[in-house]
file target.txt (compact mmCIF, C-alpha atoms)
# COMPACT_ATOMS: atom_id res chain seq x y z
CA MET I 1 17.55 3.70 13.56
CA ASN I 2 16.19 4.09 10.03
CA ASP I 3 13.95 1.84 7.89
CA ILE I 4 16.83 -0.29 6.62
CA GLU I 5 18.39 -0.91 10.05
CA PHE I 6 14.95 -1.73 11.48
CA CYS I 7 14.31 -4.27 8.72
CA ARG I 8 17.76 -5.82 9.15
CA ILE I 9 17.29 -6.37 12.89
CA LEU I 10 13.90 -8.05 12.40
CA GLU I 11 14.95 -9.78 9.17
CA ILE I 12 11.96 -8.50 7.23
CA GLU I 13 11.52 -6.95 3.79
CA THR I 14 11.01 -3.21 3.50
CA ALA I 15 7.71 -3.98 1.76
CA THR I 16 6.58 -5.69 4.97
CA LEU I 17 7.58 -2.67 7.04
CA ASN I 18 5.70 -0.41 4.62
CA ILE I 19 2.53 -2.43 5.25
CA TRP I 20 3.03 -2.25 9.02
CA VAL I 21 3.47 1.51 8.88
CA GLU I 22 0.52 1.91 6.51
CA GLU I 23 -1.65 -0.12 8.90
CA ARG I 24 -0.26 2.02 11.75
CA TRP I 25 0.91 -1.06 13.66
CA ILE I 26 4.25 0.72 13.75
CA ILE I 27 4.29 4.52 13.95
CA PRO I 28 7.80 5.83 13.28
CA VAL I 29 8.93 9.19 14.58
CA GLY I 30 9.32 11.78 11.83
CA ALA I 31 7.72 12.29 8.46
CA ASP I 32 8.08 10.29 5.22
CA GLY I 33 11.65 9.68 4.21
CA THR I 34 13.17 10.51 7.58
CA SER I 35 11.35 7.87 9.62
CA SER I 36 13.19 6.77 12.74
CA TYR I 37 12.55 3.77 14.98
CA GLY I 38 13.43 2.95 18.57
CA ASP I 39 13.82 -0.19 20.68
CA ALA I 40 10.11 -0.07 21.54
CA ASP I 41 9.28 -0.30 17.82
CA VAL I 42 11.62 -3.29 17.43
CA ALA I 43 9.93 -5.04 20.37
CA ARG I 44 6.57 -4.26 18.80
CA GLY I 45 7.81 -5.66 15.49
CA ARG I 46 8.79 -8.89 17.27
CA LEU I 47 5.29 -9.12 18.74
CA ILE I 48 3.81 -8.77 15.23
CA LEU I 49 6.17 -11.47 13.91
CA ASP I 50 5.22 -13.75 16.83
CA LEU I 51 1.55 -13.24 16.03
CA VAL I 52 1.98 -13.92 12.32
CA ARG I 53 4.62 -16.67 12.33
CA THR I 54 4.18 -18.43 15.64
CA MET I 55 0.50 -18.07 16.33
CA GLY I 56 -0.80 -18.12 12.78
CA VAL I 57 -2.71 -14.86 13.13
CA ASN I 58 -3.68 -13.26 9.81
CA GLU I 59 -3.48 -9.57 8.89
CA ALA I 60 -6.98 -8.74 10.14
CA GLY I 61 -6.22 -10.58 13.37
CA VAL I 62 -2.99 -8.64 13.92
CA ASP I 63 -4.95 -5.42 13.47
CA VAL I 64 -7.38 -6.44 16.22
CA VAL I 65 -4.67 -7.72 18.58
CA VAL I 66 -2.43 -4.65 18.20
CA ASP I 67 -5.40 -2.36 18.80
CA LEU I 68 -6.44 -4.24 21.94
CA VAL I 69 -2.86 -4.47 23.23
CA ASP I 70 -2.55 -0.67 22.87
CA GLN I 71 -5.87 -0.16 24.64
CA LEU I 72 -4.74 -2.51 27.39
CA HIS I 73 -1.46 -0.67 27.96
CA THR I 74 -3.20 2.69 27.94
CA LEU I 75 -5.71 1.38 30.47
CA ARG I 76 -2.94 -0.09 32.63
CA GLU I 77 -1.11 3.24 32.58
CA GLN I 78 -4.25 5.08 33.65
CA MET I 79 -5.03 2.49 36.31
CA ARG I 80 -1.53 2.97 37.68
CA LEU I 81 -2.08 6.75 37.85
CA VAL I 82 -5.41 6.19 39.63
CA MET I 83 -3.73 3.90 42.17
CA ASP I 84 -0.92 6.43 42.70
CA ALA I 85 -3.50 9.16 43.23
CA ILE I 86 -5.42 7.03 45.74
CA ARG I 87 -2.24 6.26 47.70
CA GLN I 88 -1.65 9.98 48.12
CA GLN I 89 -5.06 10.46 49.75
CA ASP I 90 -5.80 10.58 53.44
CA VAL I 91 -6.17 7.11 55.01
CA THR I 92 -9.89 7.74 55.69
CA VAL I 93 -10.45 8.51 52.00
CA GLN I 94 -8.56 5.35 51.04
CA ARG I 95 -10.67 3.27 53.43
CA SER I 96 -13.96 4.65 52.12
CA LEU I 97 -12.85 4.01 48.53
CA ARG I 98 -12.00 0.41 49.45
CA LYS I 99 -15.44 0.03 51.02
CA ALA I 100 -17.13 1.38 47.91
CA LEU I 101 -15.16 -1.07 45.75
CA ASP I 102 -16.17 -3.94 48.02
CA GLY I 103 -19.76 -2.95 47.52
CA ARG I 104 -20.36 -2.03 51.13
CA MET L 105 13.60 -30.09 35.12
CA ALA L 106 10.77 -30.83 32.72
CA THR L 107 11.58 -32.40 29.37
CA PRO L 108 10.56 -30.43 26.25
CA TYR L 109 7.75 -32.94 25.75
CA GLU L 110 6.39 -32.24 29.23
CA THR L 111 6.78 -28.51 28.77
CA LEU L 112 4.69 -28.59 25.59
CA GLY L 113 2.35 -31.21 27.03
CA VAL L 114 2.78 -33.71 24.19
CA LYS L 115 3.63 -37.42 24.11
CA LYS L 116 7.15 -38.55 23.20
CA ASP L 117 5.88 -39.95 19.91
CA ALA L 118 3.85 -36.86 18.99
CA SER L 119 3.92 -35.84 15.32
CA GLN L 120 5.60 -32.58 14.25
CA LYS L 121 2.11 -31.21 13.55
CA GLU L 122 0.92 -31.99 17.08
CA ILE L 123 4.05 -30.35 18.49
CA GLN L 124 3.50 -27.21 16.43
CA SER L 125 -0.14 -27.00 17.40
CA ALA L 126 0.67 -27.46 21.11
CA TYR L 127 3.34 -24.78 20.88
CA ARG L 128 1.00 -22.33 19.14
CA LYS L 129 -1.61 -22.84 21.82
CA LEU L 130 0.87 -22.19 24.65
CA ALA L 131 2.51 -19.26 22.86
CA LYS L 132 -0.87 -17.58 22.55
CA LYS L 133 -1.53 -18.18 26.21
CA TYR L 134 1.84 -17.08 27.60
CA HIS L 135 3.17 -14.43 25.18
CA PRO L 136 4.37 -11.66 27.54
CA ASP L 137 2.84 -8.96 25.38
CA LEU L 138 -0.56 -10.59 25.69
CA ASN L 139 -0.07 -10.84 29.48
CA PRO L 140 1.47 -7.47 30.29
CA GLY L 141 0.98 -7.69 34.04
CA ASP L 142 2.01 -11.32 34.55
CA SER L 143 5.71 -11.54 35.33
CA ALA L 144 5.61 -15.35 35.30
CA ALA L 145 4.38 -15.34 31.70
CA GLU L 146 7.79 -14.36 30.37
CA GLN L 147 9.49 -17.34 32.04
CA LYS L 148 6.79 -19.72 30.81
CA PHE L 149 6.94 -18.33 27.28
CA LYS L 150 10.72 -18.70 27.36
CA SER L 151 10.66 -22.36 28.39
CA VAL L 152 7.90 -23.14 25.90
CA SER L 153 9.94 -21.47 23.13
CA ALA L 154 13.09 -23.32 24.22
CA ALA L 155 11.25 -26.64 24.20
CA TYR L 156 9.84 -25.91 20.77
CA ALA L 157 13.26 -24.90 19.44
CA ILE L 158 14.40 -28.45 20.16
CA LEU L 159 11.32 -30.34 19.04
CA GLU L 160 10.46 -28.36 15.90
CA ASP L 161 13.77 -29.38 14.36
CA VAL L 162 13.67 -33.10 13.53
CA GLU L 163 17.46 -33.45 13.87
CA LYS L 164 17.65 -31.69 17.23
CA ARG L 165 14.67 -33.70 18.42
CA ALA L 166 16.51 -36.94 17.51
CA LYS L 167 19.66 -35.71 19.29
CA PHE L 168 17.60 -34.98 22.39
CA ASP L 169 15.93 -38.39 22.21
CA ARG L 170 19.40 -40.03 22.03
CA GLY L 171 20.51 -37.97 25.03
CA GLU L 172 23.11 -36.00 23.04
CA ILE L 173 21.67 -32.64 24.13
CA ASP L 174 19.61 -31.78 27.20
CA GLU L 175 16.51 -29.61 27.49
CA ASN L 176 18.73 -26.52 27.53
CA GLY L 177 20.19 -27.62 24.22
CA VAL L 178 19.14 -24.62 22.24
CA GLU L 179 20.21 -21.32 23.69
CA GLN L 180 17.49 -18.67 23.47
CA ASP L 181 18.49 -15.11 22.71
CA ALA L 182 17.63 -12.69 25.44
CA ARG L 183 14.93 -10.42 24.11
CA SER L 184 12.80 -7.63 25.42
CA TYR L 185 9.08 -7.43 24.88
CA TYR L 186 6.94 -4.52 23.86
CA ARG L 187 5.38 -4.43 27.32
CA ASP L 188 8.77 -3.32 28.66
CA TYR L 189 8.43 -0.07 26.69
CA SER L 190 4.70 0.52 26.78
CA GLN L 191 4.54 2.46 30.04
CA GLY L 192 5.68 6.06 30.01
CA GLY L 193 8.23 7.21 27.48
CA ASP L 194 7.79 8.21 23.90
CA ALA L 195 6.34 4.93 22.63
CA ALA L 196 3.50 5.10 25.16
CA SER L 197 2.26 8.39 23.72
CA ARG L 198 2.72 7.31 20.10
CA TYR L 199 0.72 4.13 20.57
CA ARG L 200 -1.75 5.55 23.06
CA ASN L 201 -5.25 4.22 22.39
CA SER L 202 -8.11 5.41 24.59
CA GLY L 203 -10.77 3.86 22.39
CA GLY L 204 -11.87 1.17 24.81
CA PHE L 205 -12.86 3.30 27.78
CA ALA L 206 -13.78 6.69 26.41
CA ASP L 207 -17.18 5.97 27.96
CA PHE L 208 -15.81 6.08 31.51
CA GLY L 209 -17.74 8.93 33.09
CA ASP L 210 -20.06 11.44 31.41
CA ALA L 211 -18.71 14.40 29.55
CA ASP L 212 -19.26 16.65 32.58
CA ASP L 213 -17.80 14.09 34.99
CA LEU L 214 -14.76 15.31 36.90
CA PHE L 215 -12.72 12.35 35.61
CA SER L 216 -14.00 12.05 32.04
CA SER L 217 -11.09 13.94 30.53
CA PHE L 218 -8.70 11.68 32.43
CA PHE L 219 -10.11 8.53 30.88
CA SER L 220 -10.63 9.94 27.40
CA GLY L 221 -6.90 10.63 27.39
CA ALA L 222 -7.00 14.42 27.32
CA ARG L 223 -4.72 16.10 29.87
CA GLY L 224 -2.51 17.49 27.15
CA ARG L 225 -1.43 14.09 25.88
CA ARG L 226 -1.37 13.55 22.19
CA GLN L 227 -4.57 12.12 20.83
CA GLN L 228 -4.52 9.23 18.42
CA THR L 229 -5.03 10.74 15.00
CA ALA L 230 -5.30 8.99 11.70
CA ARG L 231 -5.07 10.10 8.12
CA GLY L 232 -8.29 9.82 6.12
CA ASP L 233 -8.72 7.01 3.61
CA ASP L 234 -7.53 7.42 0.03
CA LEU L 235 -10.32 7.23 -2.52
CA GLN L 236 -9.63 5.61 -5.88
CA PHE L 237 -11.42 6.25 -9.14
CA LYS L 238 -10.95 5.52 -12.81
CA LEU L 239 -11.50 8.19 -15.44
CA GLU L 240 -11.80 7.54 -19.17
CA ILE L 241 -10.61 10.37 -21.40
CA SER L 242 -10.15 10.74 -25.15
CA LEU L 243 -6.72 10.70 -26.76
CA LEU L 244 -7.14 14.37 -27.66
CA ASP L 245 -7.86 15.29 -24.02
CA ALA L 246 -4.85 13.22 -22.96
CA ALA L 247 -2.62 15.08 -25.43
CA ASN L 248 -3.83 18.58 -24.70
CA GLY L 249 -4.74 18.30 -21.02
CA GLY L 250 -6.83 20.96 -19.43
CA PRO L 251 -9.51 21.30 -16.78
CA LYS L 252 -12.18 18.65 -16.49
CA THR L 253 -15.05 18.40 -14.07
CA VAL L 254 -15.84 14.88 -12.94
CA THR L 255 -18.70 13.73 -10.78
CA LEU L 256 -17.62 11.42 -7.97
CA PRO L 257 -19.74 8.38 -7.05
CA GLY L 258 -20.97 10.34 -4.03
CA GLY L 259 -22.42 12.94 -6.42
CA SER L 260 -20.01 15.74 -5.58
CA PRO L 261 -18.29 17.45 -8.51
CA LEU L 262 -14.51 17.56 -8.59
CA GLU L 263 -12.46 20.01 -10.62
CA LEU L 264 -9.55 18.17 -12.18
CA ARG L 265 -6.61 19.53 -14.15
CA ILE L 266 -5.35 16.96 -16.61
CA PRO L 267 -1.65 17.46 -17.40
CA PRO L 268 -0.89 17.53 -21.15
CA GLY L 269 0.58 14.22 -22.31
CA VAL L 270 -0.98 12.09 -19.57
CA ARG L 271 -0.40 8.36 -20.14
CA ASP L 272 -2.81 5.46 -20.04
CA GLY L 273 -2.70 4.01 -16.51
CA GLN L 274 -1.14 7.13 -14.98
CA VAL L 275 -2.53 7.99 -11.55
CA LEU L 276 -3.30 11.59 -10.62
CA ARG L 277 -3.15 12.30 -6.90
CA LEU L 278 -5.32 15.07 -5.47
CA ARG L 279 -3.92 15.76 -2.03
CA GLY L 280 -6.45 16.22 0.74
CA LYS L 281 -9.41 15.39 -1.52
CA GLY L 282 -10.00 11.94 -0.04
CA GLY L 283 -11.77 10.73 3.09
CA PRO L 284 -11.75 13.01 6.14
CA GLY L 285 -9.03 12.49 8.76
CA PHE L 286 -9.91 11.11 12.18
CA ASN L 287 -9.45 13.13 15.31
CA GLY L 288 -7.76 16.04 13.56
CA GLY L 289 -5.59 13.88 11.31
CA PRO L 290 -5.01 14.99 7.73
CA ASP L 291 -7.58 14.19 5.04
CA GLY L 292 -6.76 11.37 2.63
CA ASP L 293 -6.08 11.77 -1.08
CA THR L 294 -8.18 11.06 -4.13
CA LEU L 295 -6.35 8.90 -6.64
CA ILE L 296 -7.62 8.98 -10.22
CA GLU L 297 -6.36 6.39 -12.65
CA ILE L 298 -6.48 7.71 -16.22
CA GLN L 299 -7.65 5.41 -18.97
CA VAL L 300 -7.04 6.81 -22.44
CA LEU L 301 -9.65 5.59 -24.92
CA PRO L 302 -8.47 4.61 -28.41
CA ASP L 303 -9.13 7.24 -31.07
CA LYS L 304 -10.90 6.51 -34.37
CA GLN L 305 -8.38 8.53 -36.35
CA PHE L 306 -5.12 8.82 -34.43
CA VAL L 307 -3.03 5.87 -33.34
CA ARG L 308 -0.35 6.38 -30.70
CA ASP L 309 3.04 4.79 -31.16
CA GLY L 310 5.07 5.84 -28.14
CA ASP L 311 5.45 9.58 -28.39
CA ASN L 312 4.69 9.48 -32.11
CA VAL L 313 1.20 9.47 -33.57
CA ARG L 314 0.06 7.94 -36.85
CA VAL L 315 -2.86 9.04 -38.97
CA GLU L 316 -4.12 7.92 -42.38
CA ILE L 317 -5.35 10.65 -44.75
CA PRO L 318 -7.22 9.98 -48.02
CA ILE L 319 -6.29 12.04 -51.09
CA SER L 320 -7.96 12.18 -54.49
CA VAL L 321 -6.39 10.93 -57.72
CA ARG L 322 -6.13 14.53 -58.88
CA GLU L 323 -4.24 15.56 -55.72
CA ALA L 324 -1.99 12.55 -56.12
CA VAL L 325 -1.13 13.32 -59.74
CA LEU L 326 -0.98 17.11 -59.67
CA GLY L 327 -0.06 17.74 -56.04
CA GLY L 328 -1.51 20.54 -53.93
CA LYS L 329 -2.28 21.70 -50.43
CA ILE L 330 -4.49 19.60 -48.19
CA GLU L 331 -5.74 20.04 -44.61
CA VAL L 332 -4.44 17.43 -42.16
CA PRO L 333 -5.89 17.05 -38.65
CA THR L 334 -3.35 16.95 -35.81
CA LEU L 335 -3.81 16.56 -32.05
CA SER L 336 -3.66 20.34 -31.75
CA GLY L 337 -5.88 21.28 -34.71
CA ALA L 338 -5.74 21.11 -38.52
CA VAL L 339 -2.63 22.19 -40.42
CA SER L 340 -2.06 22.77 -44.14
CA VAL L 341 0.31 20.29 -45.78
CA THR L 342 1.69 20.22 -49.33
CA VAL L 343 1.30 17.00 -51.30
CA ARG L 344 3.93 16.77 -53.98
CA ALA L 345 2.88 16.10 -57.57
CA ASN L 346 3.05 12.40 -58.54
CA THR L 347 2.51 11.03 -55.02
CA SER L 348 1.86 7.31 -54.58
CA SER L 349 -0.55 5.79 -52.08
CA GLY L 350 1.27 4.85 -48.87
CA ARG L 351 3.71 7.76 -48.91
CA ILE L 352 4.36 8.88 -45.33
CA LEU L 353 4.76 12.55 -44.44
CA ARG L 354 6.44 13.37 -41.16
CA LEU L 355 5.17 16.44 -39.31
CA SER L 356 7.91 17.12 -36.81
CA GLY L 357 6.77 18.03 -33.28
CA LYS L 358 3.10 17.37 -34.00
CA GLY L 359 2.97 14.10 -32.03
CA PHE L 360 2.19 13.31 -28.40
CA PRO L 361 3.75 15.44 -25.65
CA ASN L 362 6.70 13.51 -24.16
CA ARG L 363 8.01 13.40 -20.62
CA HIS L 364 10.75 15.91 -21.32
CA GLY L 365 8.49 18.76 -22.33
CA GLY L 366 8.84 18.16 -26.08
CA HIS L 367 6.62 16.40 -28.56
CA GLY L 368 6.86 13.32 -30.74
CA ASP L 369 6.15 13.46 -34.46
CA LEU L 370 2.99 12.95 -36.48
CA PHE L 371 3.31 10.46 -39.34
CA VAL L 372 0.69 11.00 -42.04
CA THR L 373 0.12 8.08 -44.41
CA LEU L 374 -1.45 9.19 -47.68
CA LYS L 375 -4.00 6.91 -49.31
CA ILE L 376 -5.32 7.51 -52.82
CA VAL L 377 -9.09 7.14 -53.00
CA LEU L 378 -10.99 6.89 -56.29
CA PRO L 379 -14.39 8.56 -56.80
CA THR L 380 -17.20 6.60 -55.16
CA THR L 381 -18.99 6.08 -58.48
CA PRO L 382 -17.13 5.05 -61.66
CA ASP L 383 -16.34 8.05 -63.81
CA PRO L 384 -16.69 7.55 -67.61
CA GLN L 385 -14.34 10.42 -68.39
CA LEU L 386 -11.61 8.98 -66.20
CA GLU L 387 -12.09 5.57 -67.80
CA GLU L 388 -11.81 7.09 -71.26
CA PHE L 389 -8.66 8.88 -70.25
CA MET L 390 -7.10 5.75 -68.88
CA LYS L 391 -7.88 3.79 -72.07
CA GLY L 392 -6.13 6.46 -74.11
CA TRP L 393 -3.21 6.85 -71.70
CA GLU L 394 -0.40 5.10 -73.58
CA ALA L 395 2.34 5.32 -70.94
CA GLY L 396 0.00 3.73 -68.41
CA ARG L 397 -0.10 0.49 -70.40
CA ASN L 398 3.62 -0.10 -70.08
CA PHE L 399 4.04 0.91 -66.41
CA ASN L 400 3.82 -2.06 -64.06
CA PRO L 401 4.70 -1.02 -60.47
CA ARG L 402 5.12 -4.70 -59.49
CA ARG L 403 8.00 -4.97 -61.91
CA ALA L 404 9.58 -1.62 -61.24

call {"tool": "encode", "arguments": {"input": "target.txt", "output": "structure tokens"}}
result
Amino acid sequence: MNDIEFCRILEIETATLNIWVEERWIIPVGADGTSSYGDADVARGRLILDLVRTMGVNEAGVDVVVDLVDQLHTLREQMRLVMDAIRQQDVTVQRSLRKALDGR
Amino acid sequence: MATPYETLGVKKDASQKEIQSAYRKLAKKYHPDLNPGDSAAEQKFKSVSAAYAILEDVEKRAKFDRGEIDENGVEQDARSYYRDYSQGGDAASRYRNSGGFADFGDADDLFSSFFSGARGRRQQTARGDDLQFKLEISLLDAANGGPKTVTLPGGSPLELRIPPGVRDGQVLRLRGKGGPGFNGGPDGDTLIEIQVLPDKQFVRDGDNVRVEIPISVREAVLGGKIEVPTLSGAVSVTVRANTSSGRILRLSGKGFPNRHGGHGDLFVTLKIVLPTTPDPQLEEFMKGWEAGRNFNPRRA
């Protein structure tokens, strides 16, 4: 979807979207003028609206939250890959890893 | 099933403000995007939102209190949360942010590149900051344009080409001359806002320019050629014999450059100036000048 469709779904002004994109809270695919947005960007937009309207978070706060949420998801993704990798190991390797994590 | 009051944890006679504040607190706690791994959070957030949808609206709250609607009274739209898209897929790489754990493992650690997000994935890049400056230039520089070297606050010189006909308040954008990009992102721009200083001689009037030129009594009476300054240098102009003070000469195309590549006009107002010290010869002449006695320009 383009800028206008994105704004219509979220019921926001294009000026608001411009700020979001400038702050890199939303990163559309494509260069200026041909920006395109997906369902993930809409869901992200709803999170920003929840923060601003429901939770009373200001612009600086949204910046911090969005940054930490992105870090959290990236960390979760990497944690998942680590767990997948561990599950593929030999049972003895898995056991010794578990011991190390338990501090024994 | 819990009533909306129980769900939000407020008393039945709570004020709208208390209800809002309770809802905000719970929304912050249970928003699914702030609890990406907690599958129960979505259900809790949904019931909190549904409860609030009833209680935030004074009319709906009254209907509920009278038993006209139940706690399911306001249907919530099904919605998906960002967390549903954040793993894998295109959004995950666009919004990837390894900032928080780039310190996992030393640089020569076997796993360091895994945690710093290398492995061929796109790194988070950001465009450099735009820098903004103001530059004061003279009206003549604004009209004629040309190269100008300015010294930035940081002390570094910057070569600037001023376009002829630049306007007051116009912003010149120097691409890539701003702050450096992060992580391989493009450099920002330098934005220079032009402020055109007023000129002592020339006054701008849109694309036209006005100037006042003094002429002597002799030039006014007998006419002749005089030099007139323009934005692009002096030109020779003929003053007709018997010219009054205030006559305006129009020099076509000698005004300010306009947006269409042309120029406005220069309007020259002539002003007769007498000698600085009284001249006895001129006084004598005037006393003997018969026609002058009968000419009254206020009655003409």

call {"tool": "closest_residue", "arguments": {"input": "target.txt", "among": "L:Ala144, L:Met390, L:Leu159, L:Ala230", "to": "chain I", "atoms": "only C-alpha atoms"}}
result
L:Ala230

call {"tool": "interface_residues", "arguments": {"input": "target.txt", "of": "chain L", "to": "chain I", "cutoff": "10 Å", "atoms": "all atoms listed in the file", "output": "short mmCIF file (atom, residue, chain, number, x, y, z; two decimals) with C-alpha atoms, keeping the file's coordinate frame"}}
result
data_model
loop_
_atom_site.label_atom_id
_atom_site.label_comp_id
_atom_site.auth_asym_id
_atom_site.auth_seq_id
_atom_site.Cartn_x
_atom_site.Cartn_y
_atom_site.Cartn_z
CA GLN L 124 3.50 -27.21 16.43
CA SER L 125 -0.14 -27.00 17.40
CA TYR L 127 3.34 -24.78 20.88
CA ARG L 128 1.00 -22.33 19.14
CA LYS L 129 -1.61 -22.84 21.82
CA LEU L 130 0.87 -22.19 24.65
CA ALA L 131 2.51 -19.26 22.86
CA LYS L 132 -0.87 -17.58 22.55
CA HIS L 135 3.17 -14.43 25.18
CA PRO L 136 4.37 -11.66 27.54
CA ASP L 137 2.84 -8.96 25.38
CA LEU L 138 -0.56 -10.59 25.69
CA ASN L 139 -0.07 -10.84 29.48
CA PRO L 140 1.47 -7.47 30.29
CA GLY L 141 0.98 -7.69 34.04
CA SER L 153 9.94 -21.47 23.13
CA ARG L 183 14.93 -10.42 24.11
CA SER L 184 12.80 -7.63 25.42
CA TYR L 185 9.08 -7.43 24.88
CA TYR L 186 6.94 -4.52 23.86
CA ARG L 187 5.38 -4.43 27.32
CA ASP L 188 8.77 -3.32 28.66
CA TYR L 189 8.43 -0.07 26.69
CA SER L 190 4.70 0.52 26.78
CA GLN L 191 4.54 2.46 30.04
CA GLY L 192 5.68 6.06 30.01
CA GLY L 193 8.23 7.21 27.48
CA ASP L 194 7.79 8.21 23.90
CA ALA L 195 6.34 4.93 22.63
CA ALA L 196 3.50 5.10 25.16
CA SER L 197 2.26 8.39 23.72
CA ARG L 198 2.72 7.31 20.10
CA TYR L 199 0.72 4.13 20.57
CA ARG L 200 -1.75 5.55 23.06
CA ASN L 201 -5.25 4.22 22.39
CA SER L 202 -8.11 5.41 24.59
CA GLY L 203 -10.77 3.86 22.39
CA GLY L 204 -11.87 1.17 24.81
CA PHE L 205 -12.86 3.30 27.78
CA PHE L 218 -8.70 11.68 32.43
CA PHE L 219 -10.11 8.53 30.88
CA GLY L 221 -6.90 10.63 27.39
CA ALA L 230 -5.30 8.99 11.70
#

call {"tool": "residues_around", "arguments": {"input": "target.txt", "residues": "region 363-370 of chain L", "least_positions_apart": "3", "cutoff": "9 Å", "atoms": "only C-alpha atoms", "output": "mmCIF file with C-alpha atoms, in the frame of the given file"}}
result
data_model
loop_
_atom_site.group_PDB
_atom_site.id
_atom_site.type_symbol
_atom_site.label_atom_id
_atom_site.label_comp_id
_atom_site.auth_asym_id
_atom_site.auth_seq_id
_atom_site.Cartn_x
_atom_site.Cartn_y
_atom_site.Cartn_z
ATOM 1 C CA GLY L 269 0.580 14.220 -22.310
ATOM 2 C CA GLY L 310 5.070 5.840 -28.140
ATOM 3 C CA ASP L 311 5.450 9.580 -28.390
ATOM 4 C CA ASN L 312 4.690 9.480 -32.110
ATOM 5 C CA VAL L 313 1.200 9.470 -33.570
ATOM 6 C CA ARG L 314 0.060 7.940 -36.850
ATOM 7 C CA VAL L 315 -2.860 9.040 -38.970
ATOM 8 C CA THR L 334 -3.350 16.950 -35.810
ATOM 9 C CA LEU L 335 -3.810 16.560 -32.050
ATOM 10 C CA LEU L 353 4.760 12.550 -44.440
ATOM 11 C CA ARG L 354 6.440 13.370 -41.160
ATOM 12 C CA LEU L 355 5.170 16.440 -39.310
ATOM 13 C CA SER L 356 7.910 17.120 -36.810
ATOM 14 C CA GLY L 357 6.770 18.030 -33.280
ATOM 15 C CA LYS L 358 3.100 17.370 -34.000
ATOM 16 C CA GLY L 359 2.970 14.100 -32.030
ATOM 17 C CA PHE L 360 2.190 13.310 -28.400
#

call {"tool": "residues_around", "arguments": {"input": "target.txt", "residues": "Ile352 (chain L)", "least_positions_apart": "3", "cutoff": "8 Å", "atoms": "all atoms listed in the file", "output": "VMD selection string"}}
result
chain L and resid 371 to 374

call {"tool": "atom_distance", "arguments": {"input": "target.txt", "atom1": "CA of Ala85 (chain I)", "atom2": "CA of Ala145 (chain L)"}}
result
28.2 Å

call {"tool": "closest_residue", "arguments": {"input": "target.txt", "among": "L:Asp234, L:Val254, L:Phe149, L:Pro261", "to": "Gly282 (chain L)", "atoms": "only C-alpha atoms"}}
result
L:Asp234

call {"tool": "atom_distance", "arguments": {"input": "target.txt", "atom1": "CA of Lys148 (chain L)", "atom2": "CA of Ile12 (chain I)"}}
result
26.6 Å

call {"tool": "atom_distance", "arguments": {"input": "target.txt", "atom1": "CA of Gly392 (chain L)", "atom2": "CA of Val377 (chain L)"}}
result
21.3 Å
